[in-house]
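Novice: Once you've had a glance at the structure underneath, I'll fire off some questions.
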Amino acid sequence: MEPAATRILIRPGRIWCGDGRPAQTGLCLLVDGARIAHIGPISPAPQNCDIIDLPQSTLLPGLIDAHSHLFLYPYNQTSWDDQVLTEAEAYRTIRAVRHAHATLLSGFTALRELGTEGAGYADVALKRAIDEGLVPGPRLKVSTRAIVASGCYGPRRALFRPDCCIPQGAEEVSGADAIVRAVRQQASYGADWIKLYADYRVGPNGETQPTFSKEELHAAIACAHDLGRPVAVHATSDEAMRRAIEAGCDTIEHGYNGRRETFALMARSGCAFLPTLTARDAISSYRHGHPEDDPHSEDMRQAAHAFRMALEEGVLVGCGSDVGVFEHGTNYRELEWMVRLGMSPHEVLMSATAINARILRCESSFGRLAQGLCADLVAVDGDPLSNIAAMRRIELVMKDGVIYSQHERH
Ligand SMILES: [Zn+2]
């Protein structure tokens with residue numbers, strides 16, 4: 001009996017490797033087991049391998065979203081407060097399993113999960129189930145519960161009678177000792193990253209205010225780094241961004257109100273930026289009722305201004321959407337926003353593959369198409385380098401050499 005083919009030869013119309021070069025034609029990619037064995041002009045096809053012909057398609061590295069929430073779903077279906085307050089962790093986990101599958105089928109083969117938002121350590125369990133092949137999903141880097149200053153997150157206690165016990169969307173701490181304890185505990189339960197909230201809408205009239213002191217941020221980040229965990233910091237205000245960058249954080253999330261000097265500081269410090277443009281657009285549309293993908297809303301004008309300053313100052317810009325705020329499996333919207341606000345499709349695809357892999361400290365495993373790397377790849381109909389909307393038309397998704405989705409076109 002013939003041994004089953006473990007090798008797959010893919011013959012795409014063009015191939016874009018995520019190594020800085022433009023797309024190339026006339027090349028094939030050979031997958032052997034879970035790895036990329038060869039990229040080059042292969043003819044004739046080697047013996048004993050399956051062949052996938054995709055002459056109209058572009059083959060790319062599997063996409064990475066560096067800011068996701070699989071344990072949330074769009075707030076216009078169920079408000080964030082209601083998800084956190086009324087839905088059991090088991091129910092939210094079942095949803096997360098479905099969200100992970102939808103994400104993988106849309107071509108995203110890796111995510112950095114930035115907090116379960118009240119679902120405890122369930123992201124560690126989901127990651128394990130995916131790694132063991134129990135359920136299909138992207139590779140996950142997880143940050144478990146996330147850490148907030150006491151009383152500085154949600155659901156807002158002031159909305160309830162004071163003797164109510166109100167579940168919170170993250171772990172609350174006060175003081176350097178307590179924040180260090182939380183970092184150590186979350187790391188011990190399986191956090192790959194530590195997520196901190198350096199500001200939140202906690203002013204007397206809901207204004208965004210810094211939440212952690214410089215001392216607390218320094219203590220948390222030093223402790224996380226000692227444990228080999230990079231730190232992602234939620235910061236929308238300039239003051240919180242500056243405090244977090246000066247304390248040595250690895251990524252800033254959102255940054256909608258950052259000033260030019262702060263982005264310049266980020267560039268000098270090597271701190272990466274995840275602009276989460278789609279979440280900004282989605283929340284603005286839920287609040288104000290305007291259609292989604294509207295670059296003229298006040299919220300988006302502000303985010304666009306910060307985004308462009310970050311680019312001008314040479315900040316390392318990754319692709320992180322904050323999906324969960326909007327529908328899982330539509331992460332491609334973030335790529336479209338980045339192009340809409342001034343990056344080229346090539347630059348955006350670099351952010352969503354090789355640069356994100358670098359931010360995740362995984363560039364030697366995935367994020368590019370190169371011999372020896374994990375066979376995480378996606379084929380799309382058409383040429384996303386000329387029109388990024390092609391990323392909506394997924395033809396093939398492979399992770400670790402396993403095909404999860406394949407559309408035949410006749
Ligand atoms: Zn988020």
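Residues in the structure tokens are numbered from 1 in each chain, the chains being A, B, ... in the order shown, and ligands are numbered from 1 in the order shown.
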Show me, as a CSV table (one decimal) with C-alpha atoms, in the first residue's frame, the residues that have an atom within 7 Å of stretch 137-153 of chain A when counting only C-alpha atoms, minus same-chain residues fewer than 5 positions from it.
Specialist:
chain,number,residue,atom,x,y,z
A,100,ALA,CA,-11.7,30.8,17.0
A,101,HIS,CA,-12.9,28.6,14.2
A,104,LEU,CA,-9.0,30.6,11.3
A,108,PHE,CA,-5.8,34.4,10.6
A,109,THR,CA,-3.6,31.6,11.8
A,110,ALA,CA,-2.3,33.4,15.0
A,111,LEU,CA,-3.7,35.8,17.5
A,112,ARG,CA,-2.5,37.7,20.5
A,113,GLU,CA,-5.4,37.5,22.9
A,114,LEU,CA,-5.5,40.5,25.1
A,115,GLY,CA,-7.8,39.6,28.0
A,116,THR,CA,-10.8,37.4,28.6
A,117,GLU,CA,-12.8,40.3,30.0
A,118,GLY,CA,-14.2,38.5,32.9
A,120,GLY,CA,-10.9,34.1,34.0
A,121,TYR,CA,-8.2,31.9,32.6
A,123,ASP,CA,-8.0,31.5,27.2
A,124,VAL,CA,-5.3,29.2,28.5
A,127,LYS,CA,-5.2,27.6,23.6
A,130,ILE,CA,-6.5,24.2,19.9
A,170,ALA,CA,-10.2,42.3,34.6
A,171,GLU,CA,-8.2,41.7,37.8
A,172,GLU,CA,-8.1,44.8,40.1
A,173,VAL,CA,-5.0,45.8,42.0
A,174,SER,CA,-3.6,48.8,43.9
A,186,GLN,CA,-1.2,35.4,35.8
A,191,ALA,CA,-0.2,34.1,30.6
A,192,ASP,CA,2.2,34.5,27.6
A,193,TRP,CA,1.8,38.3,27.8
A,194,ILE,CA,0.8,40.6,30.5
A,195,LYS,CA,-1.9,43.2,29.7
A,196,LEU,CA,-2.2,46.4,31.7
A,197,TYR,CA,-4.8,49.2,31.5
A,200,TYR,CA,-9.7,54.3,31.5
A,202,VAL,CA,-12.9,57.0,35.2
A,211,THR,CA,-5.1,54.8,36.3
A,212,PHE,CA,-1.8,53.3,37.4
Novice: How would you report the residues lying within 12 Å of ligand 1, as number ranges by chain, if you count only C-alpha atoms and all ligand atoms?
Specialist: A: 65-73, 80, 112-117, 143, 145-146, 169-170, 195-197, 232-236, 252-255, 274-280, 283, 320-326
Novice: How many Å separate atom CA of A:Leu60 from atom CA of A:Ile15?
Specialist: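 Atom CA of A:Ile15 lies at a distance of 6.2 Å from atom CA of A:Leu60.
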Novice: My list of candidates is A:Met350, A:Arg128, A:Glu312, A:Glu395. Which is closest to A:Gly190 when distances are computed with only C-alpha atoms?
Specialist: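 Using only C-alpha atoms, A:Gly190 sits closest to A:Arg128.
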Novice: Find the residues around stretch 155-159 of chain A up to 9 Å (only C-alpha atoms counted), leave out those fewer than 5 positions away in its own chain, and share them as a PyMOL selection string.
Specialist: chain A and resi 80-82+84-85+164-169
Novice: Would you mind telling me which residue in A:Met309, A:Ala219, A:Ala45, A:Asp131 lies nearest to A:Gly258 when using only C-alpha atoms?
Specialist: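 When distances to A:Gly258 are compared using only C-alpha atoms, the smallest one comes from A:Met309.
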Novice: Where does DSSP see alpha helix (DSSP H) in stretch 210-369 of chain A, if you list the residues as a ChimeraX atom specification?
Specialist: /A:214-226,238-246,260-269,277-288,298-312,332-340,345-350,356-359
Novice: Produce a file of the selected residues containing C-alpha atoms, as a PDB file, in the first residue's frame.
Specialist:
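What landed in part-v4.pdb:
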ATOM      1  CA  LYS A 214       4.480  55.414  37.334  1.00  0.00           C
ATOM      2  CA  GLU A 215       5.709  53.342  40.265  1.00  0.00           C
ATOM      3  CA  GLU A 216       3.035  50.691  39.735  1.00  0.00           C
ATOM      4  CA  LEU A 217       3.753  50.478  35.995  1.00  0.00           C
ATOM      5  CA  HIS A 218       7.487  50.200  36.558  1.00  0.00           C
ATOM      6  CA  ALA A 219       7.054  47.445  39.125  1.00  0.00           C
ATOM      7  CA  ALA A 220       4.655  45.436  36.944  1.00  0.00           C
ATOM      8  CA  ILE A 221       6.703  45.704  33.768  1.00  0.00           C
ATOM      9  CA  ALA A 222      10.019  44.898  35.474  1.00  0.00           C
ATOM     10  CA  CYS A 223       8.430  41.834  37.077  1.00  0.00           C
ATOM     11  CA  ALA A 224       6.845  40.667  33.804  1.00  0.00           C
ATOM     12  CA  HIS A 225      10.144  41.045  31.979  1.00  0.00           C
ATOM     13  CA  ASP A 226      11.959  39.088  34.690  1.00  0.00           C
ATOM     14  CA  ASP A 238      -1.076  60.789  25.918  1.00  0.00           C
ATOM     15  CA  GLU A 239      -0.216  60.814  29.631  1.00  0.00           C
ATOM     16  CA  ALA A 240      -0.853  57.079  30.076  1.00  0.00           C
ATOM     17  CA  MET A 241       1.043  56.258  26.887  1.00  0.00           C
ATOM     18  CA  ARG A 242       4.038  58.244  28.075  1.00  0.00           C
ATOM     19  CA  ARG A 243       4.047  56.653  31.525  1.00  0.00           C
ATOM     20  CA  ALA A 244       3.848  53.153  30.033  1.00  0.00           C
ATOM     21  CA  ILE A 245       6.559  53.751  27.427  1.00  0.00           C
ATOM     22  CA  GLU A 246       8.894  55.262  30.036  1.00  0.00           C
ATOM     23  CA  ARG A 260       3.845  63.564  18.175  1.00  0.00           C
ATOM     24  CA  GLU A 261       6.548  63.695  20.891  1.00  0.00           C
ATOM     25  CA  THR A 262       5.123  60.566  22.456  1.00  0.00           C
ATOM     26  CA  PHE A 263       5.186  58.644  19.178  1.00  0.00           C
ATOM     27  CA  ALA A 264       8.774  59.835  18.692  1.00  0.00           C
ATOM     28  CA  LEU A 265       9.580  58.494  22.165  1.00  0.00           C
ATOM     29  CA  MET A 266       7.912  55.192  21.219  1.00  0.00           C
ATOM     30  CA  ALA A 267      10.039  54.912  18.092  1.00  0.00           C
ATOM     31  CA  ARG A 268      13.214  55.548  20.114  1.00  0.00           C
ATOM     32  CA  SER A 269      12.175  53.028  22.765  1.00  0.00           C
ATOM     33  CA  LEU A 277      -8.783  51.287  14.066  1.00  0.00           C
ATOM     34  CA  THR A 278     -11.703  48.966  13.396  1.00  0.00           C
ATOM     35  CA  ALA A 279     -12.732  48.865  17.050  1.00  0.00           C
ATOM     36  CA  ARG A 280     -12.693  52.646  17.155  1.00  0.00           C
ATOM     37  CA  ASP A 281     -14.896  52.768  14.069  1.00  0.00           C
ATOM     38  CA  ALA A 282     -17.263  50.053  15.312  1.00  0.00           C
ATOM     39  CA  ILE A 283     -17.775  51.583  18.768  1.00  0.00           C
ATOM     40  CA  SER A 284     -18.296  55.022  17.266  1.00  0.00           C
ATOM     41  CA  SER A 285     -20.896  53.603  14.917  1.00  0.00           C
ATOM     42  CA  TYR A 286     -22.687  51.722  17.750  1.00  0.00           C
ATOM     43  CA  ARG A 287     -22.762  54.917  19.855  1.00  0.00           C
ATOM     44  CA  HIS A 288     -23.603  57.496  17.268  1.00  0.00           C
ATOM     45  CA  GLU A 298     -14.948  62.625  14.795  1.00  0.00           C
ATOM     46  CA  ASP A 299     -13.582  59.495  16.508  1.00  0.00           C
ATOM     47  CA  MET A 300     -11.938  58.263  13.317  1.00  0.00           C
ATOM     48  CA  ARG A 301     -10.462  61.624  12.413  1.00  0.00           C
ATOM     49  CA  GLN A 302      -8.717  61.611  15.789  1.00  0.00           C
ATOM     50  CA  ALA A 303      -7.504  58.006  15.401  1.00  0.00           C
ATOM     51  CA  ALA A 304      -6.327  58.713  11.850  1.00  0.00           C
ATOM     52  CA  HIS A 305      -4.319  61.705  13.044  1.00  0.00           C
ATOM     53  CA  ALA A 306      -2.515  59.600  15.674  1.00  0.00           C
ATOM     54  CA  PHE A 307      -1.988  56.742  13.218  1.00  0.00           C
ATOM     55  CA  ARG A 308      -0.337  59.041  10.671  1.00  0.00           C
ATOM     56  CA  MET A 309       1.910  60.633  13.292  1.00  0.00           C
ATOM     57  CA  ALA A 310       3.039  57.178  14.391  1.00  0.00           C
ATOM     58  CA  LEU A 311       3.949  56.336  10.799  1.00  0.00           C
ATOM     59  CA  GLU A 312       5.734  59.651  10.299  1.00  0.00           C
ATOM     60  CA  TYR A 332      -9.554  41.880   7.475  1.00  0.00           C
ATOM     61  CA  ARG A 333     -11.363  45.163   8.176  1.00  0.00           C
ATOM     62  CA  GLU A 334      -8.290  46.332  10.101  1.00  0.00           C
ATOM     63  CA  LEU A 335      -6.091  45.817   7.038  1.00  0.00           C
ATOM     64  CA  GLU A 336      -8.560  47.832   4.984  1.00  0.00           C
ATOM     65  CA  TRP A 337      -8.552  50.650   7.551  1.00  0.00           C
ATOM     66  CA  MET A 338      -4.758  50.809   7.567  1.00  0.00           C
ATOM     67  CA  VAL A 339      -4.739  51.151   3.783  1.00  0.00           C
ATOM     68  CA  ARG A 340      -7.556  53.712   3.916  1.00  0.00           C
ATOM     69  CA  PRO A 345      -1.127  47.199   0.872  1.00  0.00           C
ATOM     70  CA  HIS A 346       2.430  45.828   0.966  1.00  0.00           C
ATOM     71  CA  GLU A 347       3.161  47.672   4.231  1.00  0.00           C
ATOM     72  CA  VAL A 348      -0.117  46.550   5.774  1.00  0.00           C
ATOM     73  CA  LEU A 349       0.466  42.928   4.820  1.00  0.00           C
ATOM     74  CA  MET A 350       3.963  43.169   6.327  1.00  0.00           C
ATOM     75  CA  ASN A 356       3.339  40.996  14.002  1.00  0.00           C
ATOM     76  CA  ALA A 357       5.399  37.798  14.263  1.00  0.00           C
ATOM     77  CA  ARG A 358       8.304  39.938  15.440  1.00  0.00           C
ATOM     78  CA  ILE A 359       6.098  41.724  17.974  1.00  0.00           C
TER      79      ILE A 359
END
Novice: As a PyMOL selection string, please: every residue in stretch 60-126 of chain A that DSSP puts in strand (DSSP E or B).
Specialist: chain A and resi 60-61+63-68+108-113
Novice: Restricting it to N, CA and C atoms, dump the selection as a short mmCIF file (atom, residue, chain, number, x, y, z; two decimals), in the first residue's frame.
Specialist:
data_model
loop_
_atom_site.label_atom_id
_atom_site.label_comp_id
_atom_site.auth_asym_id
_atom_site.auth_seq_id
_atom_site.Cartn_x
_atom_site.Cartn_y
_atom_site.Cartn_z
N LEU A 60 0.10 33.76 0.57
CA LEU A 60 0.76 34.63 1.56
C LEU A 60 0.97 33.86 2.86
N PRO A 61 1.79 34.42 3.77
CA PRO A 61 1.87 33.81 5.10
C PRO A 61 0.51 33.93 5.79
N LEU A 63 -2.21 35.07 8.33
CA LEU A 63 -2.29 36.40 8.93
C LEU A 63 -2.29 36.32 10.45
N ILE A 64 -1.87 37.41 11.06
CA ILE A 64 -1.79 37.49 12.53
C ILE A 64 -2.55 38.74 12.97
N ASP A 65 -3.43 38.60 13.94
CA ASP A 65 -4.06 39.77 14.56
C ASP A 65 -3.48 39.88 15.97
N ALA A 66 -2.79 40.96 16.24
CA ALA A 66 -2.06 41.09 17.51
C ALA A 66 -2.89 41.75 18.61
N HIS A 67 -4.19 41.91 18.39
CA HIS A 67 -5.07 42.40 19.47
C HIS A 67 -6.46 41.83 19.23
N SER A 68 -6.77 40.76 19.97
CA SER A 68 -8.08 40.13 19.78
C SER A 68 -8.70 39.80 21.14
N PHE A 108 -6.65 33.96 9.42
CA PHE A 108 -5.81 34.37 10.55
C PHE A 108 -5.37 33.13 11.31
N THR A 109 -4.08 32.84 11.22
CA THR A 109 -3.55 31.60 11.81
C THR A 109 -2.89 31.84 13.16
N ALA A 110 -2.83 33.11 13.61
CA ALA A 110 -2.30 33.39 14.95
C ALA A 110 -2.94 34.66 15.50
N LEU A 111 -3.17 34.65 16.81
CA LEU A 111 -3.74 35.81 17.50
C LEU A 111 -2.96 36.06 18.77
N ARG A 112 -2.91 37.35 19.15
CA ARG A 112 -2.51 37.67 20.51
C ARG A 112 -3.79 38.08 21.21
N GLU A 113 -4.21 37.24 22.16
CA GLU A 113 -5.45 37.46 22.91
C GLU A 113 -5.16 38.39 24.08
#
